[in-house]
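Enquirer: Have a look at this one before I ask anything.
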Amino acid sequence: MGGLFKEIYKSRALYLFISPFYILFLVFSVFPIFFSMYLSVHKWDGIGEMTSVGLNNFMYMFKDPVFWQALVNNVAIWLLANAPMLVCALVIAFIINLSIVRFKGFFRIAFFLPNITAMVAVVIIFQSMFGNEYGLVNYVLESIGLDRIAWLNTSTGSRVVIAAMIAWRYLGYNAIIYLSGLQRIPKDLYEAAELDGATLAQTFAKITIPMLRPIILFTVMMSTIGGFQIFTEPQVLAGNKMPYPGTETIVLYMFREGFVYQNYGYAAAVSWVLFIIIGLISVLNWKVFNKSDD
Amino acid sequence: MTGKKIFVHTFLLIGVIFSIFPFYWLVVMSTNETSAIFSFPPRLTFGSYFLTNYNNVMENINFYRALLNTVMIAVVSTTLQLFFNSLTGFTFSKFKFPGSKALFYIMMATMMIPGQMLLVPQFIIIKELDWLGSYKALIIPGMATAFGIFWIRQYALAIHDELLEAATIDGSSKFGLYWRVALPILRPALAFLGITTFMGVWEDYLWPLIVLTDTSKFTLMLTLQQLKSVHTGDYAMVMTGTLLATLPLILFFLVVSRQFIAGIMDGAVKS
C-alpha cells in the first residue's frame, strides 16, 4: 500500500498536468449530468423554490403534441438530408479515388469548401435561394416546366430547405472521410477486378461497399448524433419568429422551454429523452451494421 | 477508356458546381440590389452595389467590433486549448502512473455525451458563477477537450523514448520534457488541432447565444443573426454581412487546405 502512495507521490507532476481536463469535466459535465437528472423531476423557473413533481415533466412531454411533432420533424429532416447525402458522398469518394481521375487535390478542396462555411451563413444563403414566390430555385423549376413551390409555407417544403443546407454542408466532409477509407483498400483488389472485366458498378458494389463498412457505420453514427441536435438551421431560418411549419426540432423545443420560458426542470427532462433517443439509435445502428457481417 | 474518363470528370465537375455555386451566389447578391435577388429571372452576374451594401451593413451593425470580439475569443480559446490538450495528451502517451489507464478511458467515454444534453445545467452553473455575459463562459469550459487530448496523444506516441531519457539525464523536469522535447515534435498535430479549434469557435452559435447578453460583446455569428432578423427586407445587405463574416475563414482555409484535409483523413482512420 505504501508503495502505491509513493508511486502516486512520485507522479504528482503528471496528475497536475492532466488535472485541467478532469476539473472541467467534473464541473461542466459530471455535475451537470446529475443536476439535470435532479432537475428533470422538479419544476423550477431559476429564481423561486424548486418543487418536486415526480415524473410529471415526462408525462406532460409525452402528452404534448408539439413534442411529438418535433420528434417527427427531426426524423424527417435527418432522413431527407442524410440518406441522399451519404450515398452521393460515397459515389463521389469512389470516383475521386479512381486512378483515371486527375486534379484530385482540386476536387477534394472544392467539395470540402462548404464544410468550413458557418451554419448561420449557410442558412442565410439558402433562404435567399428558396424564395416562396420568386427566388432562384423557383425560377429554375419554372424554366424546366414545373410549378413554383411556396417553400417555407409547407412542412415538406421547409424540411427540404433545411435538408438541402445540411446535405450541402456535409457532402464534401463525408466524401473526404470515405476517401480516407478507400485509400486503405489494397490496390490489387481493384486491379484483379479490372482484369476480370468488372464494370465500375460491380467494383463499387462488390469491393468498395464491403471494405468500407466500418467507416460507413462511423458516418451514419455521426450524422445521427448531429441530426438529433439540429438547432441553428430552423432557429436562424425563422429569425426571432416561431419556427416554420415542420421545422421545429427537439433541441429547438428544449431551447424555447428552457431559455425563453425558463421551465428549467421541463427542459432538463426533454434533454434526457433526447439523450436516450440518440443512445437507442446508436445501438440500433451498431446492431444493424454488425449483423450483416455473417 | 477515354469515354469513361470524360464521364467521370464531367460527373465530378457537376458536383463541384453544386458545391461552389452558393458562394458565387453570395458574391453576386452582395454586389446587387435586393430587388435583383427576387426578380424573374434572378440576376446571376456581378453588380456595382457592393459599396452601398457595405455601408448599409456598417450603419446597422458594429461589424468590426464583432470581428475583433470573435478573433480575440478564437485566439485565446485556441491557445489555451492547444496548451492544455497537448500537455495532457503528451502525459497520457509517454507516462504510466497509478490510474492512468482508467483516467484515459474515462476521458474517451466523455466523447459519447451529446453536448446539447447538458445545456440547461451548464447554463445554470455559468449563471451561479456569475459568468453570464462574460467571455469566461465561452473560453473556460472548453479549455481542455477529449478529442484534442486524444488527437495529440496519437501523435505523441511516436516520440522516441530515447529522446526523453536523454533529456531526463540532462536534468530536465517533466514539464521540461513537454516544453522542450515534445512540443516542437508535435507541431504538425498542433497545427491541425489549432485550425479546427479556431474555426469551431468562429462558427459557434448556440452556446454564445445562451451565455452572451450584451450586444457589444456579440460574436460575428450572433451579430449576423441579429442583422438577418431585424432587416429581413434588405437581403442584399444581409448577404453582404454574410460575405464579410465568412470570407476570412474561407481565405484562411484555402491557404491551409492541403494540411487540413490531410488531417481530417488521418483523423477518420484513427477513430
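Labels used: A, B, ... for chains in the order of the C-alpha cells, numbers from 1 for residues in each chain, and numbers from 1 for ligands as shown.
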List every residue of range 38-260 of chain B that DSSP, applied to the backbone of this structure, places in helix (DSSP H, G or I), and write the result as a ChimeraX atom specification.

Expert: /B:50-60,63-94,100-112,115-128,136-139,146-156,161-169,174-185,187-203,206-211,215-217,220-230,235-260

Enquirer: Hey, list the chain A side of the contact with chain B: 6 Å cut-off, only C-alpha atoms, answer as number ranges by chain.

Expert: A: 17-18, 21, 32, 36, 111, 118, 121, 134-135, 177, 180, 239, 271

Enquirer: Can you write out the residues you just picked, keeping N, CA and C atoms, as a JSON list (two decimals), in the first residue's frame?

Expert:
```
[["chain", "number", "residue", "atom", "x", "y", "z"],
["A", 17, "PHE", "N", -0.53, 17.78, -14.56],
["A", 17, "PHE", "CA", -0.62, 18.04, -16.00],
["A", 17, "PHE", "C", -2.00, 17.67, -16.56],
["A", 18, "ILE", "N", -2.53, 16.54, -16.08],
["A", 18, "ILE", "CA", -3.80, 16.09, -16.67],
["A", 18, "ILE", "C", -5.01, 16.66, -15.92],
["A", 21, "PHE", "N", -8.31, 18.95, -17.51],
["A", 21, "PHE", "CA", -9.43, 18.29, -18.18],
["A", 21, "PHE", "C", -10.42, 17.73, -17.15],
["A", 32, "PRO", "N", -23.28, 18.55, -14.05],
["A", 32, "PRO", "CA", -24.49, 18.80, -14.85],
["A", 32, "PRO", "C", -25.32, 17.54, -15.12],
["A", 36, "SER", "N", -28.99, 17.69, -13.91],
["A", 36, "SER", "CA", -30.11, 17.69, -14.86],
["A", 36, "SER", "C", -31.05, 16.52, -14.57],
["A", 111, "PHE", "N", -14.91, 20.17, -53.01],
["A", 111, "PHE", "CA", -16.04, 19.51, -52.33],
["A", 111, "PHE", "C", -16.04, 19.81, -50.84],
["A", 118, "ALA", "N", -19.82, 28.67, -42.01],
["A", 118, "ALA", "CA", -20.60, 28.62, -40.78],
["A", 118, "ALA", "C", -22.07, 28.36, -41.09],
["A", 121, "ALA", "N", -24.33, 31.28, -41.81],
["A", 121, "ALA", "CA", -24.18, 31.81, -43.16],
["A", 121, "ALA", "C", -24.89, 30.92, -44.18],
["A", 134, "TYR", "N", -40.74, 34.13, -55.73],
["A", 134, "TYR", "CA", -39.65, 34.25, -56.69],
["A", 134, "TYR", "C", -38.44, 33.56, -56.10],
["A", 135, "GLY", "N", -37.27, 33.95, -56.48],
["A", 135, "GLY", "CA", -36.09, 33.28, -55.97],
["A", 135, "GLY", "C", -35.56, 32.30, -56.99],
["A", 177, "ILE", "N", -14.07, 11.71, -45.68],
["A", 177, "ILE", "CA", -13.96, 10.61, -44.72],
["A", 177, "ILE", "C", -13.95, 9.26, -45.47],
["A", 180, "SER", "N", -10.68, 8.61, -47.24],
["A", 180, "SER", "CA", -9.58, 8.14, -46.40],
["A", 180, "SER", "C", -9.70, 6.63, -46.19],
["A", 239, "GLY", "N", -35.63, 33.36, -37.77],
["A", 239, "GLY", "CA", -35.30, 34.61, -37.11],
["A", 239, "GLY", "C", -35.87, 34.62, -35.71],
["A", 271, "SER", "N", -34.11, 17.07, -22.42],
["A", 271, "SER", "CA", -32.77, 16.69, -22.86],
["A", 271, "SER", "C", -32.44, 15.25, -22.48]]
```

Enquirer: If you run DSSP over the backbone, which residues in range 39-117 of chain A end up strand (DSSP E or B)? Put them as a PyMOL selection string.

Expert: chain A and resi 42-43+51-52

Enquirer: Between B:Leu251, B:Lys94, B:Phe192, B:Phe63, which is the closest to Gly263 in chain B once you count only C-alpha atoms?

Expert: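 The shortest atom-to-atom distance to Gly263 in chain B comes from B:Phe192.
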
Enquirer: By how many Å are CA of Ser52 in chain A and CA of Asp130 in chain B apart?

Expert: 26.0 Å

Enquirer: Counting only C-alpha atoms, figure out which residue out of A:Val75, A:Leu39, A:Val122, A:Ile144 gets nearest to Leu55 in chain A.

Expert: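 Closest candidate: A:Leu39.
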
Enquirer: Which residue out of A:Val288, A:Leu182, A:Ala13, A:Ile95 has the minimum interatomic distance to Thr10 in chain B when only C-alpha atoms are used?

Expert: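 Of A:Val288, A:Leu182, A:Ala13, A:Ile95, the one nearest Thr10 in chain B is A:Ile95, counting only C-alpha atoms.
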
Enquirer: Which of these, B:Met58, B:Leu82, B:Leu138, B:Val75, has the shortest distance to Arg187 in chain B once you count only C-alpha atoms?

Expert: B:Leu82

Enquirer: When you draw a straight line from CA of Ile216 in chain A to CA of Leu200 in chain A, how long is it in Å?

Expert: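 Going from CA of Ile216 in chain A over to CA of Leu200 in chain A covers 19.6 Å.
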